[in-house]
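Encoded as structure tokens, the structure appears first; notes follow it.
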Amino acid sequence: MNWGPTSQIKISLVDDQKIIRELLSRALGTIPEFNFIETYSDGIAFLEHLNAYPEKKPDIAIIDVDMPVMSGEELNERLQVEYPEIKVLVLSMHIDAVTIAKMINAGVASYLPKDCAISELLWAINSVFRTGSYLNSEVVDKLRENNEKTRKIVNSDGITQREAEVLELICQEYTNADIAEKLNVSVRTVDTHRKRLLFKAGCKNTAGLVLYAMKNNLISLQL
């Protein structure tokens with residue numbers, strides 16, 4: 001699998017299940033585009049390693065939700081504060097809409113079920129690295145179903161037409177460069193629109209923007 005020229009994506013895995021750590025480290029370690037750094041059985045061990053060896057900080061941390069010592073929710077909260085540059089990808093057996101939305105609102109870049117195909121995990125890692133988010137069809141369907149039951153439309157009048165266009169393209173996983181080319185504007189302008197959208201939506205990252213857009217029926221997301 002080749003996504004074009006880029007530096008290696010540095011990855012760490014935090015999961016209390018030994019078989020998951022062993023299988024994923026073997027699978028991801030064979031991908032030339034990836035630099036699989038290390039696995040950890042709990043969040044405390046991961047944070048201690050980051051503190052002791054900052055040069056081994058990953059671009060993406062794949063974490064579970066249910067873990068001893070420190071839950072995935074607690075670990076994500078620490079990472080968002082202490083290492084906000086690390087993008088968090090959750091890999092969990094829990095695929096209920098409440099848990100998914102809670103983790104996305106807390107700043108995770110992607111949420112995948114543990115029974116997803118390895119090919120999708122590879123794609124998610126690449127997408128998170130390039131665009132800042134990835135949500136698969138199963139997760140989107142769960143969120144969409146929950147939104148239909150509990151939809152609360154917020155005031156989105158503050159979002160301009162141009163920002164709405166940018167939001168639509170963000171939700172389609174276009175990079176800033178791709179959006180700039182499509183809209184015939186500079187990358188800096190797109191970045192400004194993205195930052196304004198994050199502020200207006202009260203989101204932490206791109207995945208949060210996607211969730212916001214779905215909740216408020218601003219887009220028709222088809223995956």
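Residues are referred to by chain and number: the chain letter is A, B, ... according to the order shown in the structure tokens, the number counts from 1 in that chain, and ligands are numbered separately from 1 in the order shown.
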Worksheet item: A:Val108: which residues within 8 Å, counting only C-alpha atoms, same-chain residues fewer than 2 positions away excluded, as a list in words?
Response: Asn76, Lys87, Val88, Leu89, Val90, Met103, Ile104, Asn105, Ala106, Ser110, Tyr111, Asn205 and Ala207 of chain A
Now that the selection is made, can you save its residues with N, CA and C atoms as a PDB file, in the first residue's frame?
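Result file is result_17.pdb:
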ATOM      1  N   ASN A  76      -6.720   9.686  27.185  1.00  0.00           N
ATOM      2  CA  ASN A  76      -6.960  10.693  26.151  1.00  0.00           C
ATOM      3  C   ASN A  76      -6.966  12.102  26.741  1.00  0.00           C
ATOM      4  N   LYS A  87      -2.051  12.601  17.781  1.00  0.00           N
ATOM      5  CA  LYS A  87      -3.429  12.316  17.377  1.00  0.00           C
ATOM      6  C   LYS A  87      -3.832  10.959  17.954  1.00  0.00           C
ATOM      7  N   VAL A  88      -5.012  10.904  18.543  1.00  0.00           N
ATOM      8  CA  VAL A  88      -5.480   9.693  19.222  1.00  0.00           C
ATOM      9  C   VAL A  88      -6.494   8.954  18.356  1.00  0.00           C
ATOM     10  N   LEU A  89      -6.238   7.676  18.127  1.00  0.00           N
ATOM     11  CA  LEU A  89      -7.145   6.798  17.396  1.00  0.00           C
ATOM     12  C   LEU A  89      -7.623   5.722  18.373  1.00  0.00           C
ATOM     13  N   VAL A  90      -8.913   5.683  18.623  1.00  0.00           N
ATOM     14  CA  VAL A  90      -9.466   4.693  19.552  1.00  0.00           C
ATOM     15  C   VAL A  90      -9.828   3.420  18.786  1.00  0.00           C
ATOM     16  N   MET A 103     -15.988  10.408  23.225  1.00  0.00           N
ATOM     17  CA  MET A 103     -14.557  10.380  22.957  1.00  0.00           C
ATOM     18  C   MET A 103     -14.171  11.378  21.858  1.00  0.00           C
ATOM     19  N   ILE A 104     -15.016  11.499  20.836  1.00  0.00           N
ATOM     20  CA  ILE A 104     -14.731  12.473  19.773  1.00  0.00           C
ATOM     21  C   ILE A 104     -14.789  13.894  20.329  1.00  0.00           C
ATOM     22  N   ASN A 105     -15.803  14.167  21.141  1.00  0.00           N
ATOM     23  CA  ASN A 105     -15.901  15.484  21.762  1.00  0.00           C
ATOM     24  C   ASN A 105     -14.721  15.764  22.682  1.00  0.00           C
ATOM     25  N   ALA A 106     -14.101  14.709  23.192  1.00  0.00           N
ATOM     26  CA  ALA A 106     -12.939  14.860  24.069  1.00  0.00           C
ATOM     27  C   ALA A 106     -11.644  14.975  23.288  1.00  0.00           C
ATOM     28  N   SER A 110     -10.104   9.636  15.673  1.00  0.00           N
ATOM     29  CA  SER A 110     -10.798   8.548  14.988  1.00  0.00           C
ATOM     30  C   SER A 110     -11.249   7.528  16.020  1.00  0.00           C
ATOM     31  N   TYR A 111     -12.320   6.804  15.670  1.00  0.00           N
ATOM     32  CA  TYR A 111     -12.860   5.773  16.561  1.00  0.00           C
ATOM     33  C   TYR A 111     -13.240   4.581  15.683  1.00  0.00           C
ATOM     34  N   ASN A 205     -10.881  19.254  17.210  1.00  0.00           N
ATOM     35  CA  ASN A 205     -10.168  18.787  16.022  1.00  0.00           C
ATOM     36  C   ASN A 205     -11.146  18.508  14.886  1.00  0.00           C
ATOM     37  N   ALA A 207     -12.262  15.649  13.625  1.00  0.00           N
ATOM     38  CA  ALA A 207     -13.312  14.664  13.922  1.00  0.00           C
ATOM     39  C   ALA A 207     -14.466  15.326  14.650  1.00  0.00           C
TER      40      ALA A 207
END
Worksheet item: Within 7 Å of A:Ile9, counting only C-alpha atoms, which residues qualify if same-chain residues fewer than 2 places away don't, as a PyMOL selection string?
Response: chain A and resi 7+11+33-35+59
Item to complete: Write down as a count of residues only the residues of stretch 127-207 of chain A whose backbone DSSP state falls under helix (DSSP H, G or I).
Response: 55
Near stretch 62-71 of chain A, 12 Å: stretch 94-132 of chain A residue rows, closest pairs, only C-alpha atoms, as JSON lines:
{"residue": "A:His94", "atom": "CA", "partner": "A:Val65", "partner_atom": "CA", "distance": 7.9}
{"residue": "A:Ile95", "atom": "CA", "partner": "A:Val65", "partner_atom": "CA", "distance": 10.6}
{"residue": "A:Thr99", "atom": "CA", "partner": "A:Val65", "partner_atom": "CA", "distance": 9.2}
{"residue": "A:Ile100", "atom": "CA", "partner": "A:Val65", "partner_atom": "CA", "distance": 10.2}
{"residue": "A:Lys102", "atom": "CA", "partner": "A:Val65", "partner_atom": "CA", "distance": 11.4}
{"residue": "A:Met103", "atom": "CA", "partner": "A:Val65", "partner_atom": "CA", "distance": 9.2}
{"residue": "A:Val108", "atom": "CA", "partner": "A:Ile63", "partner_atom": "CA", "distance": 10.0}
{"residue": "A:Ala109", "atom": "CA", "partner": "A:Ile62", "partner_atom": "CA", "distance": 10.2}
{"residue": "A:Ser110", "atom": "CA", "partner": "A:Ile62", "partner_atom": "CA", "distance": 9.3}
{"residue": "A:Tyr111", "atom": "CA", "partner": "A:Ile62", "partner_atom": "CA", "distance": 9.6}
{"residue": "A:Leu112", "atom": "CA", "partner": "A:Asp64", "partner_atom": "CA", "distance": 9.9}
{"residue": "A:Pro113", "atom": "CA", "partner": "A:Asp64", "partner_atom": "CA", "distance": 10.0}
{"residue": "A:Lys114", "atom": "CA", "partner": "A:Asp64", "partner_atom": "CA", "distance": 9.0}
{"residue": "A:Leu121", "atom": "CA", "partner": "A:Ile62", "partner_atom": "CA", "distance": 10.0}
{"residue": "A:Leu122", "atom": "CA", "partner": "A:Ile62", "partner_atom": "CA", "distance": 11.5}
{"residue": "A:Ala124", "atom": "CA", "partner": "A:Ile62", "partner_atom": "CA", "distance": 10.7}
{"residue": "A:Ile125", "atom": "CA", "partner": "A:Ile62", "partner_atom": "CA", "distance": 9.0}
{"residue": "A:Val128", "atom": "CA", "partner": "A:Ile62", "partner_atom": "CA", "distance": 11.2}
Deliver the residues from the most recent selection as a file, using C-alpha atoms, as a PDB file, in the first residue's frame.
ATOM      1  CA  HIS A  94     -17.575  -0.397  22.493  1.00  0.00           C
ATOM      2  CA  ILE A  95     -19.399   0.996  19.465  1.00  0.00           C
ATOM      3  CA  THR A  99     -19.233   6.452  23.996  1.00  0.00           C
ATOM      4  CA  ILE A 100     -18.152   7.337  20.457  1.00  0.00           C
ATOM      5  CA  LYS A 102     -18.036  11.382  24.104  1.00  0.00           C
ATOM      6  CA  MET A 103     -14.557  10.380  22.957  1.00  0.00           C
ATOM      7  CA  VAL A 108      -9.910  11.815  19.587  1.00  0.00           C
ATOM      8  CA  ALA A 109      -9.245  11.901  15.862  1.00  0.00           C
ATOM      9  CA  SER A 110     -10.798   8.548  14.988  1.00  0.00           C
ATOM     10  CA  TYR A 111     -12.860   5.773  16.561  1.00  0.00           C
ATOM     11  CA  LEU A 112     -12.859   2.247  15.139  1.00  0.00           C
ATOM     12  CA  PRO A 113     -14.440  -1.027  16.271  1.00  0.00           C
ATOM     13  CA  LYS A 114     -11.914  -3.717  17.150  1.00  0.00           C
ATOM     14  CA  LEU A 121      -7.073   0.473  10.262  1.00  0.00           C
ATOM     15  CA  LEU A 122      -4.184   1.217   7.904  1.00  0.00           C
ATOM     16  CA  ALA A 124      -7.573   5.281   9.143  1.00  0.00           C
ATOM     17  CA  ILE A 125      -4.019   5.832  10.355  1.00  0.00           C
ATOM     18  CA  VAL A 128      -5.747  10.794  10.512  1.00  0.00           C
TER      19      VAL A 128
END
Practice prompt. Identify, on the basis of only C-alpha atoms, every residue whose closest approach to A:Glu38 does not exceed 10 Å; exclude the query and any residue fewer than 4 positions from it along the same chain; express the result as a list of chain:residue names.
Written response: A:Lys10, A:Ile11, A:Ser12, A:Leu13, A:Val14, A:Arg21, A:Ser25, A:Gly29, A:Phe46, A:His49, A:Lys56, A:Pro58
For the selection just defined, write its residues with N, CA and C atoms to a file, as a compact mmCIF listing (two decimals), in the first residue's frame.
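Output below, filename part18.txt:
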# COMPACT_ATOMS: atom_id res chain seq x y z
N LYS A 10 4.84 7.80 12.76
CA LYS A 10 5.25 7.15 14.01
C LYS A 10 4.01 6.77 14.82
N ILE A 11 3.95 5.50 15.24
CA ILE A 11 2.76 4.95 15.89
C ILE A 11 3.12 4.24 17.18
N SER A 12 2.30 4.46 18.21
CA SER A 12 2.38 3.68 19.45
C SER A 12 1.01 3.08 19.73
N LEU A 13 1.00 1.95 20.45
CA LEU A 13 -0.24 1.24 20.76
C LEU A 13 -0.36 1.04 22.26
N VAL A 14 -1.53 1.38 22.82
CA VAL A 14 -1.79 1.17 24.24
C VAL A 14 -3.03 0.29 24.37
N ARG A 21 -1.74 -6.43 21.21
CA ARG A 21 -0.45 -5.75 21.08
C ARG A 21 0.48 -6.52 20.15
N SER A 25 1.36 -5.07 16.42
CA SER A 25 2.77 -4.67 16.27
C SER A 25 3.40 -5.40 15.09
N GLY A 29 4.15 -3.21 11.87
CA GLY A 29 5.60 -3.14 11.74
C GLY A 29 6.10 -3.51 10.36
N PHE A 46 2.67 4.29 29.21
CA PHE A 46 2.84 5.09 28.00
C PHE A 46 3.27 6.51 28.35
N HIS A 49 6.80 6.70 29.60
CA HIS A 49 7.76 6.54 28.50
C HIS A 49 7.88 7.84 27.70
N LYS A 56 10.91 9.80 21.28
CA LYS A 56 10.15 8.66 20.77
C LYS A 56 8.64 8.93 20.77
N PRO A 58 5.10 9.52 19.44
CA PRO A 58 4.47 9.12 18.18
C PRO A 58 3.64 10.25 17.57
Item to complete: Run DSSP on the backbone of this structure and report the residues of stretch 20-110 of chain A it assigns to strand (DSSP E), as a count of residues only.
Response: 18
Worksheet entry | Who sits within 9 Å of stretch 176-187 of chain A, only C-alpha atoms, same chain under 6 positions skipped, as an MDAnalysis selection string | chainID A and resid 131 165:166 169:170 194
